[in-house]
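J.: Pasting structure_34.txt here (compact mmCIF, C-alpha atoms):
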```txt
# COMPACT_ATOMS: atom_id res chain seq x y z
CA MET A 1 0.51 6.78 18.07
CA LYS A 2 -3.05 6.52 16.76
CA LEU A 3 -3.42 6.45 12.99
CA ASP A 4 -6.39 7.26 10.80
CA LEU A 5 -5.14 5.34 7.77
CA LEU A 6 -2.64 2.46 7.61
CA ALA A 7 -1.39 0.87 4.38
CA ILE A 8 0.01 -2.66 4.68
CA ALA A 9 2.05 -4.28 1.89
CA ALA A 10 4.61 -7.01 1.36
CA HIS A 11 7.70 -5.06 0.33
CA PRO A 12 9.19 -1.57 0.61
CA ASP A 13 7.97 0.41 -2.46
CA ASP A 14 4.72 -1.61 -2.85
CA VAL A 15 2.68 1.08 -1.09
CA GLU A 16 4.32 3.88 -3.05
CA LEU A 17 3.44 2.18 -6.33
CA THR A 18 -0.16 1.32 -5.49
CA CYS A 19 -1.63 3.84 -3.06
CA GLY A 20 1.06 6.42 -2.31
CA GLY A 21 -0.91 9.27 -3.83
CA THR A 22 -3.93 8.44 -1.70
CA LEU A 23 -1.84 8.39 1.48
CA LEU A 24 -0.39 11.79 0.62
CA LYS A 25 -3.82 13.20 -0.20
CA MET A 26 -5.19 12.07 3.16
CA ALA A 27 -2.14 13.46 4.98
CA ARG A 28 -2.63 16.83 3.29
CA ILE A 29 -6.23 16.88 4.47
CA GLY A 30 -4.99 16.36 8.02
CA TYR A 31 -5.28 12.63 8.69
CA LYS A 32 -2.49 10.68 10.34
CA THR A 33 -1.25 8.03 7.94
CA GLY A 34 1.19 5.15 8.19
CA ILE A 35 2.87 2.33 6.28
CA LEU A 36 3.66 -1.17 7.50
CA ASP A 37 6.03 -3.10 5.25
CA LEU A 38 5.71 -6.79 6.05
CA THR A 39 9.25 -7.61 4.83
CA ARG A 40 12.51 -5.72 4.42
CA GLY A 41 12.73 -6.71 0.75
CA GLU A 42 15.86 -8.74 1.37
CA MET A 43 15.20 -11.14 -1.53
CA GLY A 44 15.16 -8.41 -4.15
CA THR A 45 17.68 -8.74 -6.96
CA ARG A 46 18.87 -5.18 -6.40
CA GLY A 47 19.84 -3.32 -3.27
CA THR A 48 20.26 -4.47 0.31
CA PRO A 49 17.81 -4.35 3.23
CA GLU A 50 19.81 -1.49 4.71
CA THR A 51 19.67 0.50 1.47
CA ARG A 52 15.98 -0.15 1.01
CA ALA A 53 15.28 0.94 4.59
CA LYS A 54 16.94 4.30 3.90
CA GLU A 55 14.99 4.61 0.65
CA ALA A 56 11.74 3.76 2.44
CA ALA A 57 12.40 6.49 5.01
CA ALA A 58 13.01 9.02 2.22
CA ALA A 59 9.86 7.93 0.39
CA ALA A 60 7.85 8.25 3.61
CA ARG A 61 8.89 11.88 3.88
CA PHE A 62 7.63 12.60 0.36
CA LEU A 63 4.29 11.00 1.28
CA ARG A 64 4.16 12.79 4.66
CA VAL A 65 3.32 9.64 6.58
CA SER A 66 3.37 9.91 10.37
CA TRP A 67 4.63 6.39 10.98
CA ARG A 68 6.46 3.65 9.08
CA ASN A 69 7.85 0.33 10.24
CA THR A 70 8.40 -3.28 9.16
CA LEU A 71 7.04 -6.50 10.60
CA ALA A 72 10.27 -8.24 9.47
CA VAL A 73 8.48 -11.24 7.94
CA PRO A 74 10.91 -13.21 5.73
CA ASP A 75 10.82 -11.92 2.16
CA SER A 76 9.49 -14.49 -0.36
CA ASP A 77 7.81 -16.33 2.53
CA VAL A 78 4.96 -14.05 3.56
CA GLN A 79 2.43 -16.45 5.02
CA PRO A 80 -0.66 -15.96 7.21
CA THR A 81 0.84 -18.05 10.00
CA ARG A 82 -0.35 -17.72 13.57
CA PRO A 83 2.83 -15.97 14.83
CA HIS A 84 2.74 -13.41 12.00
CA LYS A 85 -0.96 -12.74 12.54
CA LEU A 86 -0.46 -12.20 16.27
CA ARG A 87 2.41 -9.77 15.66
CA LEU A 88 0.32 -7.86 13.15
CA ALA A 89 -2.66 -7.85 15.51
CA GLN A 90 -0.41 -6.28 18.14
CA VAL A 91 0.55 -3.50 15.71
CA ILE A 92 -3.13 -2.89 14.90
CA ARG A 93 -3.93 -2.58 18.60
CA GLU A 94 -1.09 -0.14 19.09
CA LEU A 95 -1.90 2.07 16.10
CA ARG A 96 -5.71 1.67 16.20
CA PRO A 97 -6.27 2.69 12.54
CA HIS A 98 -9.77 3.53 11.38
CA THR A 99 -9.04 2.40 7.81
CA VAL A 100 -6.55 -0.14 6.49
CA ILE A 101 -5.43 -0.53 2.86
CA LEU A 102 -4.37 -4.04 1.82
CA PRO A 103 -3.15 -5.51 -1.47
CA TYR A 104 -5.82 -7.13 -3.63
CA TRP A 105 -6.20 -10.82 -2.77
CA GLU A 106 -5.20 -12.13 -6.22
CA ALA A 107 -1.72 -11.46 -7.63
CA ARG A 108 1.18 -13.02 -9.51
CA HIS A 109 3.59 -12.66 -6.59
CA PRO A 110 2.73 -15.03 -3.71
CA ASP A 111 3.92 -12.47 -1.16
CA HIS A 112 1.29 -10.01 -2.40
CA TYR A 113 -1.73 -12.27 -2.13
CA HIS A 114 -0.52 -13.77 1.14
CA ALA A 115 -0.04 -10.21 2.43
CA SER A 116 -3.71 -9.57 1.74
CA THR A 117 -4.78 -12.60 3.77
CA LEU A 118 -2.30 -11.92 6.56
CA GLY A 119 -3.44 -8.30 6.75
CA TYR A 120 -7.13 -9.13 6.91
CA GLU A 121 -6.77 -11.89 9.49
CA GLY A 122 -4.40 -9.82 11.62
CA CYS A 123 -6.95 -7.00 11.66
CA PHE A 124 -9.70 -9.42 12.61
CA LEU A 125 -7.72 -11.02 15.44
CA ALA A 126 -6.85 -7.60 16.86
CA GLY A 127 -10.55 -7.15 17.68
CA LEU A 128 -10.87 -10.30 19.79
CA LYS A 129 -11.05 -9.22 23.43
CA GLN A 130 -9.88 -12.59 24.72
CA LEU A 131 -6.81 -12.69 22.50
CA ALA A 132 -3.76 -12.98 24.75
CA ILE A 133 -1.74 -10.06 23.40
CA HIS A 134 -1.06 -6.66 24.90
CA GLY A 135 -3.43 -3.75 24.45
CA GLU A 136 -7.12 -3.01 24.16
CA ALA A 137 -9.00 -4.86 21.43
CA HIS A 138 -9.40 -2.87 18.24
CA ARG A 139 -10.65 -3.73 14.78
CA PRO A 140 -10.43 -1.26 11.86
CA PHE A 141 -13.76 0.09 10.67
CA LYS A 142 -12.91 -0.13 6.97
CA ILE A 143 -10.73 -2.45 4.89
CA LEU A 144 -9.85 -1.26 1.38
CA TYR A 145 -7.99 -3.21 -1.29
CA SER A 146 -5.59 -1.53 -3.69
CA THR A 147 -6.27 -2.89 -7.17
CA SER A 148 -3.57 -1.16 -9.23
CA TYR A 149 -2.02 -4.50 -10.18
CA ALA A 150 -5.32 -6.36 -10.53
CA THR A 151 -7.46 -6.90 -13.60
CA VAL A 152 -10.70 -6.18 -11.75
CA ARG A 153 -13.06 -3.23 -11.92
CA PRO A 154 -12.50 -1.06 -8.85
CA THR A 155 -15.27 0.12 -6.55
CA PHE A 156 -13.97 3.67 -6.60
CA ILE A 157 -10.99 5.73 -7.75
CA VAL A 158 -9.18 8.46 -5.82
CA ASP A 159 -8.14 11.57 -7.76
CA ILE A 160 -4.39 11.95 -7.14
CA SER A 161 -3.70 14.55 -9.83
CA ALA A 162 -2.39 17.05 -7.28
CA GLU A 163 -0.32 14.36 -5.56
CA PHE A 164 1.09 12.64 -8.62
CA GLN A 165 4.47 14.39 -8.80
CA ALA A 166 5.17 13.84 -5.11
CA ARG A 167 4.13 10.21 -5.48
CA ARG A 168 6.58 9.90 -8.36
CA LYS A 169 9.36 11.31 -6.20
CA ALA A 170 8.49 8.77 -3.51
CA ILE A 171 8.73 5.94 -6.03
CA LEU A 172 12.04 7.18 -7.41
CA ALA A 173 13.40 7.46 -3.88
CA TYR A 174 14.05 3.74 -4.35
CA GLY A 175 17.08 4.43 -6.51
CA SER A 176 18.44 0.92 -6.03
CA GLN A 177 15.29 -0.46 -7.63
CA PHE A 178 14.24 1.98 -10.33
CA ARG A 179 17.33 4.00 -11.19
CA PRO A 180 20.40 2.03 -10.16
CA LYS A 181 23.67 3.93 -10.56
CA THR A 182 25.34 0.98 -12.23
CA ARG A 183 23.33 -0.87 -14.82
CA GLN A 184 24.57 -3.54 -17.15
CA LYS A 185 23.51 -2.03 -20.46
CA LYS A 186 24.49 -5.14 -22.33
CA SER A 187 22.91 -7.49 -19.82
CA LYS A 188 20.40 -9.92 -21.25
CA VAL A 189 18.76 -10.40 -17.87
CA PHE A 190 15.25 -8.95 -17.92
CA LEU A 191 13.89 -7.46 -14.71
CA ALA A 192 10.22 -6.50 -14.74
CA ILE A 193 11.01 -3.74 -12.25
CA ASP A 194 12.87 -1.87 -15.02
CA ARG A 195 9.57 -0.79 -16.52
CA LEU A 196 7.39 -0.93 -13.42
CA GLU A 197 7.44 2.78 -12.65
CA ASP A 198 6.39 3.62 -16.22
CA GLU A 199 3.62 1.04 -16.07
CA MET A 200 2.29 2.40 -12.79
CA ASN A 201 2.29 5.94 -14.23
CA GLN A 202 0.33 4.67 -17.22
CA LEU A 203 -2.14 2.98 -14.90
CA ALA A 204 -2.55 6.20 -12.92
CA ARG A 205 -3.42 8.01 -16.14
CA HIS A 206 -5.81 5.23 -17.15
CA TYR A 207 -7.71 5.27 -13.87
CA GLY A 208 -7.71 9.05 -13.80
CA GLN A 209 -9.37 9.13 -17.21
CA MET A 210 -12.06 6.77 -15.94
CA ILE A 211 -13.27 9.48 -13.55
CA GLY A 212 -12.47 12.49 -15.72
CA VAL A 213 -9.24 13.60 -14.02
CA LYS A 214 -5.56 13.35 -14.93
CA TYR A 215 -4.36 10.69 -12.45
CA GLY A 216 -6.11 8.23 -10.17
CA GLU A 217 -5.57 5.26 -7.86
CA PRO A 218 -8.14 2.42 -7.82
CA PHE A 219 -9.60 0.63 -4.81
CA LEU A 220 -12.09 -2.10 -4.10
CA GLN A 221 -14.18 -2.75 -1.02
CA LYS A 222 -16.16 -5.93 -0.43
CA GLU A 223 -19.20 -4.22 1.07
CA LEU A 224 -21.57 -1.91 -0.80
CA LEU A 225 -21.27 1.87 -0.64
CA ALA A 226 -24.11 3.70 1.09
CA VAL A 227 -25.44 6.83 -0.64
CA ASP A 228 -27.66 9.39 1.08
CA ASN A 229 -28.09 11.87 -1.76
CA VAL A 230 -28.11 10.60 -5.34
CA MET A 231 -28.03 14.21 -6.58
CA ASN A 232 -24.45 14.65 -5.33
CA LEU A 233 -22.86 11.66 -7.04
CA PRO A 234 -19.65 12.67 -8.87
CA VAL A 235 -18.36 11.66 -12.34
CA ARG A 236 -20.49 12.41 -15.39
CA SER A 237 -22.38 9.50 -16.96
CA ILE A 238 -22.87 10.82 -20.51
```
So, in terms of structure tokens, how does the structure I just supplied come out?

T.:
Amino acid sequence: MKLDLLAIAAHPDDVELTCGGTLLKMARIGYKTGILDLTRGEMGTRGTPETRAKEAAAAARFLRVSWRNTLAVPDSDVQPTRPHKLRLAQVIRELRPHTVILPYWEARHPDHYHASTLGYEGCFLAGLKQLAIHGEAHRPFKILYSTSYATVRPTFIVDISAEFQARRKAILAYGSQFRPKTRQKKSKVFLAIDRLEDEMNQLARHYGQMIGVKYGEPFLQKELLAVDNVMNLPVRSI
């Protein structure tokens, strides 16, 4: 399968929380989209890898992605090692995405910032013709970084107002993570994930307001944007 847009992240539910609305928006336009989870999320406090795999499949249906898989890198040990990079490069050659979304390269969780490095270097290696892996060399044209978790000013924001409710359903498909059936009400153990969905919804509202819409998802690209017609630039200045 050839994809137009591939999102790569460390754990199941990372993509849903950071760029799920954008994936759905692109799918609705007609692009083929996909998700590559680097790990199965087996180190998570809640749920099992098997449960999370079922939840990921359900979430993928809400986001209308054409392809989803896992690289099966050990959770809590995502590292840009040579074997992991070669396996990722193989996936890139097979899917041949035009655009790849990666996590921002600075984060609290080591798996997230290592996922960014692993993703970039895997994409780069996939374009080396002499690399001894199967398939024709391919390097994505565009690398975008999801900055929902980051305290940086994004390059641009995607309006996901029409996709917000479906994105929310995709997030809540991870019932083991966000709405567990059995919860210790008197437990003194704090899990940041208990308020993560609310925080991401607040961020979506915040970034939407920055471009004059209801909900948005932020992205950063390292290269400058090219503009042909300054008269067609969106978002009012004053």

J.: How far is it from CA of Gln130 (chain A) to CA of Val91 (chain A), in Å with one decimal?

T.: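 Atom-to-atom, CA of Gln130 (chain A) to CA of Val91 (chain A), that is 16.5 Å.
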
J.: So that each row is one residue of region 20-107 of chain A with an atom at most 12 Å from region 147-170 of chain A, can you give its shortest atom pair and the distance in Å to one decimal, using only C-alpha atoms, rows by chain and rising number, as a tab-separated table?

T.:
```
residue	atom	partner	partner_atom	distance
A:Gly20	CA	A:Arg167	CA	5.8
A:Gly21	CA	A:Arg167	CA	5.4
A:Thr22	CA	A:Ile160	CA	6.5
A:Leu23	CA	A:Arg167	CA	9.3
A:Leu24	CA	A:Glu163	CA	6.7
A:Lys25	CA	A:Glu163	CA	6.5
A:Met26	CA	A:Glu163	CA	10.2
A:Ala27	CA	A:Glu163	CA	10.7
A:Arg28	CA	A:Glu163	CA	9.5
A:Ile29	CA	A:Glu163	CA	11.9
A:Glu55	CA	A:Ala170	CA	8.8
A:Ala56	CA	A:Ala170	CA	8.4
A:Ala57	CA	A:Ala170	CA	9.6
A:Ala58	CA	A:Ala170	CA	7.3
A:Ala59	CA	A:Ala170	CA	4.2
A:Ala60	CA	A:Ala170	CA	7.2
A:Arg61	CA	A:Ala170	CA	8.0
A:Phe62	CA	A:Ala170	CA	5.5
A:Leu63	CA	A:Ala170	CA	6.7
A:Arg64	CA	A:Ala166	CA	9.9
A:Val65	CA	A:Ala170	CA	11.4
A:Ile101	CA	A:Thr147	CA	10.3
A:Leu102	CA	A:Thr147	CA	9.3
A:Pro103	CA	A:Thr147	CA	7.0
A:Tyr104	CA	A:Thr147	CA	5.5
A:Trp105	CA	A:Ala150	CA	9.0
A:Glu106	CA	A:Ala150	CA	7.2
A:Ala107	CA	A:Ala150	CA	6.9
```

J.: From (7.9, -3.9, 3.4), in the file's coordinates, out to 6 Å: which residues are reached, counting only C-alpha atoms? Answer as number ranges by chain.

T.: A: 10-12, 37-40, 70

J.: Rounded to one decimal place, report the CA of Ala137 (chain A)-CA of Glu223 (chain A) distance in Å.

T.: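 CA of Glu223 (chain A) lies 22.8 Å from CA of Ala137 (chain A).
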
J.: How many Å lie between CA of Gly122 (chain A) and CA of Glu136 (chain A), rounded to one decimal?

T.: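 Between CA of Gly122 (chain A) and CA of Glu136 (chain A) the gap works out to 14.5 Å.
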
J.: With all atoms listed in the file as the atoms that count, which of A:His98, A:His138, A:Ala132, A:Ala9 lies nearest to Val78 (chain A)?

T.: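 Going through A:His98, A:His138, A:Ala132, A:Ala9 one by one, the smallest distance to Val78 (chain A) is for A:Ala9.
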
J.: Here is a test: counting all atoms listed in the file, which residue of A:Gly216, A:Gly30, A:Pro74, A:Gly135 is nearest to Glu42 (chain A)?

T.: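 For Glu42 (chain A), the nearest of the candidates is A:Pro74.
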
J.: Which residue gives the smallest distance to Ala89 (chain A) among A:Pro140, A:Pro110, A:Gly47, A:Gly175, with all atoms listed in the file counted?

T.: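 The answer is A:Pro140, which sits nearest to Ala89 (chain A).
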
J.: Contacts of Pro97 (chain A) at 12 Å or less, counting only C-alpha atoms, minus same-chain residues fewer than 2 places along, as a PyMOL selection string?

T.: chain A and resi 1-8+31-36+67+89+91-95+99-101+123+126-127+137-143

J.: Near region 79-85 of chain A, within 7 Å and counting all atoms listed in the file, which residues show up once chain neighbours fewer than 6 positions away are dropped, as a list in words?

T.: His114, Thr117, Leu118, Glu121 and Gly122 of chain A

J.: I need the residue nearest Tyr113 (chain A) from this list: A:Tyr145, A:Leu128, A:Phe178, A:Lys54. Use all atoms listed in the file for the distance.

T.: A:Tyr145
